[in-house]
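Visitor: Below is entry03.pdb; it holds PDB, C-alpha atoms and all ligand atoms.
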```
ATOM      1  CA  MET A1155       0.000   0.000   0.000
ATOM      2  CA  GLU A1156       1.395   3.405  -1.001
ATOM      3  CA  TRP A1157       1.313   6.299   1.476
ATOM      4  CA  THR A1158       1.631   9.969   0.495
ATOM      5  CA  ARG A1159       4.307  11.950   2.332
ATOM      6  CA  GLU A1160       1.614  14.005   4.146
ATOM      7  CA  ALA A1161      -0.151  10.821   5.248
ATOM      8  CA  GLU A1162       3.134   9.348   6.563
ATOM      9  CA  GLU A1163       3.811  12.554   8.499
ATOM     10  CA  ALA A1164       0.259  12.700   9.888
ATOM     11  CA  VAL A1165       0.339   9.167  11.230
ATOM     12  CA  LYS A1166       3.522   9.972  13.175
ATOM     13  CA  SER A1167       1.457  12.289  15.392
ATOM     14  CA  VAL A1168      -0.739   9.391  16.565
ATOM     15  CA  PRO A1169       0.326   8.360  20.101
ATOM     16  CA  PHE A1170       3.075   5.750  19.672
ATOM     17  CA  PHE A1171       1.347   3.064  21.712
ATOM     18  CA  VAL A1172      -1.612   2.930  19.310
ATOM     19  CA  ARG A1173       0.193   3.976  16.114
ATOM     20  CA  LYS A1174       0.562   0.444  14.847
ATOM     21  CA  LYS A1175      -3.125  -0.297  15.419
ATOM     22  CA  VAL A1176      -4.166   2.944  13.699
ATOM     23  CA  LYS A1177      -1.891   2.270  10.705
ATOM     24  CA  HIS A1178      -3.277  -1.215  10.392
ATOM     25  CA  ARG A1179      -6.841   0.156  10.551
ATOM     26  CA  ILE A1180      -6.113   2.843   7.920
ATOM     27  CA  GLU A1181      -4.747   0.276   5.491
ATOM     28  CA  LYS A1182      -7.593  -2.138   6.143
ATOM     29  CA  GLU A1183     -10.213   0.553   5.516
ATOM     30  CA  ALA A1184      -8.388   1.695   2.361
ATOM     31  CA  VAL A1185      -8.372  -1.852   0.993
ATOM     32  CA  GLN A1186     -12.093  -2.206   1.778
ATOM     33  CA  ALA A1187     -12.711   1.062  -0.093
ATOM     34  CA  GLY A1188     -10.739  -0.251  -3.100
ATOM     35  CA  LYS A1189      -7.906   2.274  -2.694
ATOM     36  CA  SER A1190      -4.240   1.622  -3.386
ATOM     37  CA  ARG A1191      -2.951   4.907  -1.931
ATOM     38  CA  ILE A1192      -3.346   6.393   1.541
ATOM     39  CA  THR A1193      -3.818  10.170   1.657
ATOM     40  CA  LEU A1194      -3.886  12.710   4.480
ATOM     41  CA  SER A1195      -7.705  12.718   4.562
ATOM     42  CA  ASP A1196      -7.733   8.908   4.962
ATOM     43  CA  VAL A1197      -5.449   9.243   7.983
ATOM     44  CA  ARG A1198      -7.545  11.997   9.536
ATOM     45  CA  ALA A1199     -10.838  10.156   9.050
ATOM     46  CA  THR A1200      -9.609   6.843  10.448
ATOM     47  CA  ARG A1201      -7.752   8.471  13.318
ATOM     48  CA  LYS A1202     -10.885  10.341  14.375
ATOM     49  CA  ARG A1203     -13.031   7.203  14.224
ATOM     50  CA  PHE A1204     -10.426   5.136  16.027
ATOM     51  CA  LEU A1205      -9.766   7.520  18.903
ATOM     52  CA  SER A1206     -13.424   8.402  19.446
ATOM     53  CA  GLY A1207     -14.216   4.694  19.751
ATOM     54  CA  GLU A1208     -11.328   4.036  22.143
ATOM     55  CA  ALA A1209     -13.407   2.413  24.882
ATOM     56  CA  SER A1210     -14.746  -0.234  22.510
ATOM     57  CA  GLU A1211     -11.269  -0.920  21.077
ATOM     58  CA  ILE A1212      -9.655  -1.767  24.420
ATOM     59  CA  THR A1213      -8.847  -5.461  24.729
ATOM     60  CA  GLY A1214      -6.883  -5.344  27.982
ATOM     61  CA  PHE A1215      -3.586  -6.241  26.316
ATOM     62  CA  GLN A1216      -1.366  -5.438  23.372
ATOM     63  CA  ALA A1217       0.880  -8.003  21.750
ATOM     64  CA  ASP A1218       3.038  -7.144  18.774
ATOM     65  CA  ILE A1219       6.057  -8.231  16.825
ATOM     66  CA  CYS A1220       8.732  -6.417  14.818
ATOM     67  CA  PHE A1221       8.845  -6.576  11.014
ATOM     68  CA  GLY A1222      11.104  -9.626  11.125
ATOM     69  CA  PRO A1223       8.520 -12.043   9.709
ATOM     70  CA  SER A1224       8.197  -9.829   6.594
ATOM     71  CA  GLY A1225      11.663 -10.988   5.595
ATOM     72  CA  CYS A1226      14.106  -8.973   7.677
ATOM     73  CA  PRO A1227      17.608 -10.431   7.172
ATOM     74  CA  ASN A1228      18.559  -9.787  10.818
ATOM     75  CA  ARG A1229      16.232 -12.316  12.462
ATOM     76  CA  ALA A1230      18.064 -14.248  15.164
ATOM     77  CA  HIS A1231      15.113 -16.519  15.947
ATOM     78  CA  PRO A1232      11.576 -16.548  14.469
ATOM     79  CA  GLY A1233       8.771 -15.424  16.766
ATOM     80  CA  GLU A1234       5.545 -15.640  14.738
ATOM     81  CA  GLY A1235       4.440 -18.926  16.282
ATOM     82  CA  LEU A1236       5.192 -17.641  19.743
ATOM     83  CA  LEU A1237       3.198 -14.477  19.108
ATOM     84  CA  GLU A1238       0.087 -16.534  18.330
ATOM     85  CA  ARG A1239       0.519 -18.535  21.520
ATOM     86  CA  LEU A1240       1.104 -15.361  23.541
ATOM     87  CA  GLU A1241      -2.094 -13.819  22.204
ATOM     88  CA  ALA A1242      -4.022 -16.925  23.219
ATOM     89  CA  LEU A1243      -2.497 -16.784  26.717
ATOM     90  CA  LEU A1244      -3.255 -13.082  27.110
ATOM     91  CA  LYS A1245      -6.848 -13.574  25.962
ATOM     92  CA  GLU A1246      -7.320 -16.430  28.386
ATOM     93  CA  ALA A1247      -6.031 -14.230  31.229
ATOM     94  CA  ASP A1248      -9.082 -12.003  30.678
ATOM     95  CA  LEU A1249      -7.114  -8.838  31.365
ATOM     96  CA  LEU A1250      -9.946  -6.654  30.112
ATOM     97  CA  ASN A1251     -12.338  -7.725  32.864
ATOM     98  CA  PHE A1252      -9.510  -7.693  35.368
ATOM     99  CA  LEU A1253      -8.687  -4.065  34.508
ATOM    100  CA  LYS A1254     -12.349  -3.113  34.815
ATOM    101  CA  THR A1255     -12.195  -4.201  38.456
ATOM    102  CA  ARG A1256      -9.109  -2.070  39.110
ATOM    103  CA  VAL A1257      -9.448   1.111  37.061
ATOM    104  CA  LYS A1258     -11.877   3.795  38.142
ATOM    105  CA  GLY A1259     -13.472   5.446  35.120
ATOM    106  CA  PRO A1260     -13.100   4.474  31.458
ATOM    107  CA  LEU A1261     -10.262   2.211  30.384
ATOM    108  CA  LYS A1262      -7.597   3.778  28.152
ATOM    109  CA  TYR A1263      -4.955   2.251  25.921
ATOM    110  CA  HIS A1264      -2.265   3.064  28.447
ATOM    111  CA  HIS A1265      -3.892   0.671  30.915
ATOM    112  CA  GLU A1266      -3.365  -2.333  28.662
ATOM    113  CA  PHE A1267      -0.753  -4.992  29.475
ATOM    114  CA  ARG A1268       1.899  -4.858  26.752
ATOM    115  CA  VAL A1269       4.019  -7.642  25.363
ATOM    116  CA  SER A1270       6.356  -7.043  22.476
ATOM    117  CA  LEU A1271       8.454  -9.448  20.488
ATOM    118  CA  ALA A1272      11.534  -8.499  18.451
ATOM    119  CA  GLU A1273      13.312 -11.166  16.458
ATOM    120  CA  CYS A1274      16.804  -9.772  17.067
ATOM    121  CA  PRO A1275      18.600  -7.423  19.477
ATOM    122  CA  ASN A1276      17.978  -4.426  17.190
ATOM    123  CA  ALA A1277      14.665  -4.439  19.041
ATOM    124  CA  CYS A1278      12.620  -2.473  16.486
ATOM    125  CA  SER A1279       9.351  -3.161  18.365
ATOM    126  CA  GLN A1280      10.770  -1.568  21.546
ATOM    127  CA  PRO A1281      10.583  -4.542  23.924
ATOM    128  CA  GLN A1282      12.683  -2.584  26.443
ATOM    129  CA  ILE A1283       9.726  -0.334  27.328
ATOM    130  CA  LYS A1284       7.004  -2.999  27.466
ATOM    131  CA  ASP A1285       5.627  -4.925  30.424
ATOM    132  CA  VAL A1286       7.210  -8.015  28.930
ATOM    133  CA  GLY A1287       9.756  -7.720  26.124
ATOM    134  CA  ILE A1288      10.909 -10.769  24.195
ATOM    135  CA  ILE A1289      13.964 -10.771  21.939
ATOM    136  CA  GLY A1290      15.029 -13.494  19.503
ATOM    137  CA  ALA A1291      18.462 -14.890  20.327
ATOM    138  CA  CYS A1292      21.064 -17.117  18.705
ATOM    139  CA  ARG A1293      24.030 -17.911  20.900
ATOM    140  CA  PRO A1294      27.106 -18.951  18.876
ATOM    141  CA  ALA A1295      29.275 -21.924  19.690
ATOM    142  CA  VAL A1296      32.663 -22.967  18.318
ATOM    143  CA  THR A1297      32.893 -26.456  16.773
ATOM    144  CA  ARG A1298      35.926 -28.560  15.858
ATOM    145  CA  GLN A1299      35.543 -27.685  12.168
ATOM    146  CA  PRO A1300      38.685 -26.011  10.786
ATOM    147  CA  CYS A1301      38.478 -22.234  10.472
ATOM    148  CA  THR A1302      39.344 -20.806   7.044
ATOM    149  CA  LEU A1303      40.414 -17.503   8.631
ATOM    150  CA  CYS A1304      38.077 -15.645   6.291
ATOM    151  CA  MET A1305      37.357 -13.092   9.063
ATOM    152  CA  ALA A1306      33.682 -12.849   8.058
ATOM    153  CA  CYS A1307      32.586 -13.385  11.668
ATOM    154  CA  VAL A1308      34.865 -10.608  12.939
ATOM    155  CA  SER A1309      33.517  -8.206  10.321
ATOM    156  CA  ALA A1310      29.898  -9.159  11.023
ATOM    157  CA  CYS A1311      30.076  -8.661  14.791
ATOM    158  CA  LYS A1312      29.200  -5.092  15.778
ATOM    159  CA  GLU A1313      30.081  -5.801  19.402
ATOM    160  CA  ALA A1314      33.711  -6.866  18.873
ATOM    161  CA  ALA A1315      32.734 -10.076  20.647
ATOM    162  CA  VAL A1316      34.528 -12.467  18.327
ATOM    163  CA  ARG A1317      38.213 -12.539  17.434
ATOM    164  CA  ILE A1318      40.597 -15.004  15.858
ATOM    165  CA  ASP A1319      43.248 -16.206  18.253
ATOM    166  CA  GLU A1320      46.666 -15.767  16.671
ATOM    167  CA  ALA A1321      48.170 -18.861  18.253
ATOM    168  CA  THR A1322      45.364 -21.357  17.658
ATOM    169  CA  LYS A1323      43.960 -19.762  14.488
ATOM    170  CA  ARG A1324      40.505 -20.386  15.921
ATOM    171  CA  PRO A1325      37.616 -18.047  16.789
ATOM    172  CA  VAL A1326      37.225 -16.955  20.406
ATOM    173  CA  LEU A1327      33.924 -15.567  21.702
ATOM    174  CA  ASP A1328      33.560 -12.968  24.434
ATOM    175  CA  PHE A1329      30.142 -13.565  25.980
ATOM    176  CA  SER A1330      30.424 -10.488  28.183
ATOM    177  CA  ARG A1331      30.013  -8.451  24.971
ATOM    178  CA  CYS A1332      27.943 -10.820  22.826
ATOM    179  CA  LEU A1333      24.298  -9.827  22.216
ATOM    180  CA  VAL A1334      23.420 -13.272  20.835
ATOM    181  CA  CYS A1335      22.335 -11.822  17.494
ATOM    182  CA  GLY A1336      23.649 -14.818  15.534
ATOM    183  CA  LYS A1337      25.241 -12.711  12.784
ATOM    184  CA  CYS A1338      28.611 -14.451  13.107
ATOM    185  CA  VAL A1339      26.915 -17.832  12.757
ATOM    186  CA  ALA A1340      25.038 -16.715   9.646
ATOM    187  CA  VAL A1341      28.218 -15.667   7.830
ATOM    188  CA  CYS A1342      30.557 -18.500   8.836
ATOM    189  CA  PRO A1343      31.145 -20.615   5.697
ATOM    190  CA  SER A1344      32.952 -23.497   7.378
ATOM    191  CA  GLY A1345      30.681 -24.525  10.227
ATOM    192  CA  THR A1346      33.322 -23.462  12.748
ATOM    193  CA  LEU A1347      30.738 -21.183  14.337
ATOM    194  CA  VAL A1348      27.276 -22.662  14.737
ATOM    195  CA  ALA A1349      24.132 -21.874  16.700
ATOM    196  CA  GLY A1350      24.785 -23.257  20.170
ATOM    197  CA  LYS A1351      21.393 -22.242  21.472
ATOM    198  CA  ARG A1352      18.466 -20.494  19.844
ATOM    199  CA  GLY A1353      15.414 -19.055  21.550
ATOM    200  CA  PHE A1354      14.366 -15.843  23.243
ATOM    201  CA  ARG A1355      15.664 -13.467  25.864
ATOM    202  CA  VAL A1356      12.989 -12.005  28.134
ATOM    203  CA  GLN A1357      12.867  -8.601  29.820
ATOM    204  CA  VAL A1358      10.236  -7.432  32.290
ATOM    205  CA  GLY A1359       8.841  -4.204  33.683
ATOM    206  CA  GLY A1360       9.734  -1.600  31.044
ATOM    207  CA  LYS A1361       7.665   1.578  30.750
ATOM    208  CA  LEU A1362       7.634   5.175  29.575
ATOM    209  CA  GLY A1363       5.519   7.932  31.153
ATOM    210  CA  ARG A1364       6.472  10.267  33.979
ATOM    211  CA  HIS A1365       8.843   7.779  35.547
ATOM    212  CA  PRO A1366      10.279   5.765  32.668
ATOM    213  CA  ARG A1367      12.368   2.668  33.182
ATOM    214  CA  LEU A1368      13.936   0.077  30.956
ATOM    215  CA  ALA A1369      12.847  -3.523  31.332
ATOM    216  CA  VAL A1370      15.112  -5.800  33.370
ATOM    217  CA  SER A1371      16.529  -8.909  31.674
ATOM    218  CA  LEU A1372      15.967 -12.397  33.017
ATOM    219  CA  PRO A1373      19.062 -14.584  32.831
ATOM    220  CA  GLY A1374      18.350 -17.231  30.176
ATOM    221  CA  ILE A1375      17.705 -17.959  26.534
ATOM    222  CA  TYR A1376      14.290 -19.568  26.636
ATOM    223  CA  SER A1377      12.212 -21.872  24.462
ATOM    224  CA  GLU A1378       8.668 -20.878  23.432
ATOM    225  CA  ASP A1379       7.207 -22.995  26.237
ATOM    226  CA  GLN A1380       9.488 -21.368  28.781
ATOM    227  CA  VAL A1381       8.597 -17.868  27.545
ATOM    228  CA  LEU A1382       4.925 -18.691  27.969
ATOM    229  CA  GLU A1383       5.594 -19.864  31.539
ATOM    230  CA  ILE A1384       7.387 -16.602  32.288
ATOM    231  CA  VAL A1385       4.585 -14.495  30.818
ATOM    232  CA  ALA A1386       2.015 -16.494  32.802
ATOM    233  CA  ASP A1387       4.029 -15.806  35.990
ATOM    234  CA  CYS A1388       4.216 -12.110  35.119
ATOM    235  CA  ILE A1389       0.456 -11.897  34.573
ATOM    236  CA  ALA A1390      -0.178 -13.636  37.896
ATOM    237  CA  LEU A1391       2.144 -11.212  39.682
ATOM    238  CA  TYR A1392       0.608  -8.235  37.880
ATOM    239  CA  LYS A1393      -2.864  -9.281  38.939
ATOM    240  CA  ALA A1394      -1.818  -9.995  42.519
ATOM    241  CA  LYS A1395      -0.231  -6.583  43.043
ATOM    242  CA  ASN A1396      -2.340  -4.315  40.866
ATOM    243  CA  THR A1397      -4.813  -2.071  42.695
ATOM    244  CA  ARG A1398      -5.637   0.749  40.232
ATOM    245  CA  GLY A1399      -4.373  -0.201  36.782
ATOM    246  CA  GLU A1400      -0.691   0.529  37.392
ATOM    247  CA  ARG A1401       1.898  -0.549  34.844
ATOM    248  CA  PHE A1402       3.737  -3.773  35.643
ATOM    249  CA  GLY A1403       7.036  -1.893  36.042
ATOM    250  CA  GLU A1404       5.575   0.217  38.852
ATOM    251  CA  LEU A1405       4.564  -2.911  40.746
ATOM    252  CA  LEU A1406       7.766  -4.936  40.434
ATOM    253  CA  ASP A1407      10.185  -4.601  43.320
ATOM    254  CA  THR A1408      13.677  -6.020  43.746
ATOM    255  CA  ASP A1409      12.418  -9.178  45.465
ATOM    256  CA  ASP A1410       9.953  -9.869  42.640
ATOM    257  CA  LEU A1411      12.724  -9.548  40.074
ATOM    258  CA  LYS A1412      14.985 -11.811  42.093
ATOM    259  CA  ARG A1413      12.274 -14.460  42.439
ATOM    260  CA  LEU A1414      11.473 -14.336  38.715
ATOM    261  CA  ALA A1415      15.173 -14.661  37.837
ATOM    262  CA  GLU A1416      15.639 -17.578  40.239
ATOM    263  CA  ARG A1417      12.507 -19.370  39.097
ATOM    264  CA  HIS A1418      13.566 -19.027  35.470
ATOM    265  CA  ALA A1419      17.297 -19.567  35.888
ATOM    266  CA  PRO A1420      18.899 -21.252  32.871
TER     267      PRO A1420
HETATM  268  S1  LIG A1501      14.054  -6.342  15.496
HETATM  269 FE1  LIG A1501      15.613  -7.284  14.182
HETATM  270  S2  LIG A1501      14.497  -8.878  13.043
HETATM  271 FE2  LIG A1501      12.985  -7.453  13.870
HETATM  272  S3  LIG A1501      12.640  -5.950  12.223
HETATM  273 FE3  LIG A1501      14.206  -5.112  13.619
HETATM  274  S4  LIG A1501      16.141  -5.687  12.682
HETATM  275 FE4  LIG A1501      14.568  -7.019  11.781
HETATM  276  S1  LIG A1502      26.194 -13.512  18.189
HETATM  277 FE1  LIG A1502      26.287 -11.391  17.458
HETATM  278  S2  LIG A1502      27.180 -10.238  19.129
HETATM  279 FE2  LIG A1502      27.605 -12.395  19.548
HETATM  280  S3  LIG A1502      29.627 -12.779  18.709
HETATM  281 FE3  LIG A1502      28.142 -13.310  17.113
HETATM  282  S4  LIG A1502      27.885 -11.446  15.877
HETATM  283 FE4  LIG A1502      28.881 -10.859  17.811
HETATM  284  S1  LIG A1503      33.546 -16.855   9.743
HETATM  285 FE1  LIG A1503      33.994 -18.976  10.353
HETATM  286  S2  LIG A1503      35.623 -19.607   8.945
HETATM  287 FE2  LIG A1503      35.537 -17.355   8.846
HETATM  288  S3  LIG A1503      37.025 -16.656  10.390
HETATM  289 FE3  LIG A1503      35.049 -16.769  11.424
HETATM  290  S4  LIG A1503      35.019 -18.830  12.330
HETATM  291 FE4  LIG A1503      36.633 -18.827  10.788
END
```
Would you mind writing the file out in structure tokens?
Guide:
Amino acid sequence: MEWTREAEEAVKSVPFFVRKKVKHRIEKEAVQAGKSRITLSDVRATRKRFLSGEASEITGFQADICFGPSGCPNRAHPGEGLLERLEALLKEADLLNFLKTRVKGPLKYHHEFRVSLAECPNACSQPQIKDVGIIGACRPAVTRQPCTLCMACVSACKEAAVRIDEATKRPVLDFSRCLVCGKCVAVCPSGTLVAGKRGFRVQVGGKLGRHPRLAVSLPGIYSEDQVLEIVADCIALYKAKNTRGERFGELLDTDDLKRLAERHAP
């Protein structure tokens, strides 16, 4: 779908936490109207309808994913399947009715529980500022396969976390710097570097607003099933501590974070 420059600019003024939903709605309505181009008036009309109907649009949660599944070459681990399972879990948690028991007055988008999935550490869907942020991970491992000394892994790593040891002529990984993006694995032609573990990193308690904070990372690289267990634990904790629709990050204290990290230790 083509967007005019004015339409692109106009949609940027939509509050960021509903921008994706509004963009999706604009494109859907344009398709239904048989249009192939979005103009400024399309944006204005849909935005007005969307925001005026806010109360009926609230679902109690937001779950999104970066543009990785559209073919991004940076994907460290695919998350589409997990997103579907997360949505099912969030629906089952009935967060909408829960929030109605906690929030005085009409529910707003900012009350919704937010989960965001990014398929690599570039984190385009901003998992660091969501209640639960999930990031695709590929942790490299060194095999016994001979290294051709092509240096592709060294060039690919933006973190300077891989080097070739001069004495052994083998790659050496520095996991204190490695972001588990898997780029070195993707470019290694010899199989010397392979994916040791693939899965997802999980961060909890991120938020913006008057007192912003970045989400705190849990210690492992988790499978889909493990991520779902963590999210279920987070929802349970959120419900147990929430009294007036606060964001998860406001409710989490140091002991909660410690317990979550211990319970989900690798
Ligand atoms: S987070 Fe990574 S995989 Fe997802 S769109 Fe951004 S660069 Fe691509
Ligand atoms: S996984 Fe990414 S950050 Fe880690 S060593 Fe490889 S390229 Fe560098
Ligand atoms: S990309 Fe693979 S073959 Fe090339 S230097 Fe790195 S480990 Fe060796």
Visitor: Please compute the CA of Asn1276 in chain A-CA of Arg1173 in chain A distance, one decimal, in Å.
Guide: 19.7 Å
Visitor: Run the PyMOL selection byres (((chain A and resi 1368) around 6) and not hetatm) mentally over the shown coordinates, then write out the matched residues as a PDB file with C-alpha atoms, in the frame of the given file, using the chain letters and numbers from the document.
Guide:
```
ATOM      1  CA  GLN A1282      12.683  -2.584  26.443  1.00  0.00           C
ATOM      2  CA  ILE A1283       9.726  -0.334  27.328  1.00  0.00           C
ATOM      3  CA  GLY A1360       9.734  -1.600  31.044  1.00  0.00           C
ATOM      4  CA  ARG A1367      12.368   2.668  33.182  1.00  0.00           C
ATOM      5  CA  ALA A1369      12.847  -3.523  31.332  1.00  0.00           C
TER       6      ALA A1369
END
```
Visitor: Given the PyMOL selection byres (((chain A and resi 1401) around 9) and not hetatm) and the file above, list the residues it selects as a list in words.
Guide: His1264, His1265, Glu1266, Phe1267, Asp1285, Gly1359, Gly1360, Lys1361, Tyr1392, Asn1396, Gly1399, Glu1400, Phe1402, Gly1403, Glu1404 and Leu1405 of chain A
Visitor: Once you count all atoms listed in the file, which residues end up within 6 Å of ligand LIG 1501 (chain A), and could you hand them over as a ChimeraX atom specification?
Guide: /A:1220-1222,1226,1228-1229,1272-1274,1276-1278
Visitor: For a quick check of understanding, using all atoms listed in the file, which of A:Leu1414, A:Cys1338, A:Leu1372, A:Val1356 has the smallest distance to ligand LIG 1503 (chain A)?
Guide: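 Checking each candidate against ligand LIG 1503 (chain A), we get A:Cys1338 as the closest.
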Visitor: Residues near range 1301-1318 of chain A, anyone? I mean within 10 Å using only C-alpha atoms, not counting same-chain ones fewer than 5 positions away, as a PyMOL selection string.
Guide: chain A and resi 1294+1296+1323-1347
Visitor: When you look at Ser1167 in chain A with a cut-off of 12 Å (counting all atoms listed in the file), what residues show up, excluding the ones that are within fewer than 3 positions of it in the same chain? I need them as a list of chain:residue names.
Guide: A:Glu1160, A:Ala1161, A:Glu1162, A:Glu1163, A:Ala1164, A:Phe1170, A:Phe1171, A:Val1172, A:Arg1173, A:Lys1174, A:Val1176, A:Lys1177, A:Val1197, A:Arg1198, A:Arg1201
Visitor: Kindly export the residues of the current selection with C-alpha atoms, as a PDB file, in the coordinates of the input.
Guide:
```pdb
ATOM      1  CA  GLU A1160       1.614  14.005   4.146  1.00  0.00           C
ATOM      2  CA  ALA A1161      -0.151  10.821   5.248  1.00  0.00           C
ATOM      3  CA  GLU A1162       3.134   9.348   6.563  1.00  0.00           C
ATOM      4  CA  GLU A1163       3.811  12.554   8.499  1.00  0.00           C
ATOM      5  CA  ALA A1164       0.259  12.700   9.888  1.00  0.00           C
ATOM      6  CA  PHE A1170       3.075   5.750  19.672  1.00  0.00           C
ATOM      7  CA  PHE A1171       1.347   3.064  21.712  1.00  0.00           C
ATOM      8  CA  VAL A1172      -1.612   2.930  19.310  1.00  0.00           C
ATOM      9  CA  ARG A1173       0.193   3.976  16.114  1.00  0.00           C
ATOM     10  CA  LYS A1174       0.562   0.444  14.847  1.00  0.00           C
ATOM     11  CA  VAL A1176      -4.166   2.944  13.699  1.00  0.00           C
ATOM     12  CA  LYS A1177      -1.891   2.270  10.705  1.00  0.00           C
ATOM     13  CA  VAL A1197      -5.449   9.243   7.983  1.00  0.00           C
ATOM     14  CA  ARG A1198      -7.545  11.997   9.536  1.00  0.00           C
ATOM     15  CA  ARG A1201      -7.752   8.471  13.318  1.00  0.00           C
TER      16      ARG A1201
END
```
Visitor: Using the chain letters and residue numbers of this document, give as a list in words the residues selected by the PyMOL selection byres (((chain A and resi 1247-1261) around 7) and not hetatm).
Guide: Ala1209, Thr1213, Gly1214, Phe1215, Leu1243, Leu1244, Lys1245, Glu1246, Lys1262, Tyr1263, His1265, Thr1397, Arg1398 and Gly1399 of chain A
Visitor: Deliver the residues from the most recent selection as a file, using C-alpha atoms, as a short mmCIF file (atom, residue, chain, number, x, y, z; two decimals), keeping the file's coordinate frame.
Guide:
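What ended up in part-v9.cif:
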```
data_model
loop_
_atom_site.label_atom_id
_atom_site.label_comp_id
_atom_site.auth_asym_id
_atom_site.auth_seq_id
_atom_site.Cartn_x
_atom_site.Cartn_y
_atom_site.Cartn_z
CA ALA A 1209 -13.41 2.41 24.88
CA THR A 1213 -8.85 -5.46 24.73
CA GLY A 1214 -6.88 -5.34 27.98
CA PHE A 1215 -3.59 -6.24 26.32
CA LEU A 1243 -2.50 -16.78 26.72
CA LEU A 1244 -3.26 -13.08 27.11
CA LYS A 1245 -6.85 -13.57 25.96
CA GLU A 1246 -7.32 -16.43 28.39
CA LYS A 1262 -7.60 3.78 28.15
CA TYR A 1263 -4.96 2.25 25.92
CA HIS A 1265 -3.89 0.67 30.92
CA THR A 1397 -4.81 -2.07 42.70
CA ARG A 1398 -5.64 0.75 40.23
CA GLY A 1399 -4.37 -0.20 36.78
#
```
Visitor: When you count only C-alpha atoms, which of these residues is closest to Leu1194 in chain A: A:Leu1236, A:Leu1411, A:Ile1289, A:Val1165?
Guide: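 Nearest candidate to Leu1194 in chain A out of A:Leu1236, A:Leu1411, A:Ile1289, A:Val1165: A:Val1165.
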Visitor: How far is it from CA of Pro1420 in chain A to CA of Tyr1376 in chain A, in Å with one decimal?
Guide: 7.9 Å
Visitor: Could you give me the centre and size, in Å to one decimal, of an axis-aligned box around all listed atoms of ligand LIG 1502 (chain A) with 5 Å added on every side, as JSON?
Guide:
```
{"center_x": 27.9, "center_y": -11.9, "center_z": 17.7, "size_x": 13.4, "size_y": 13.3, "size_z": 13.7}
```
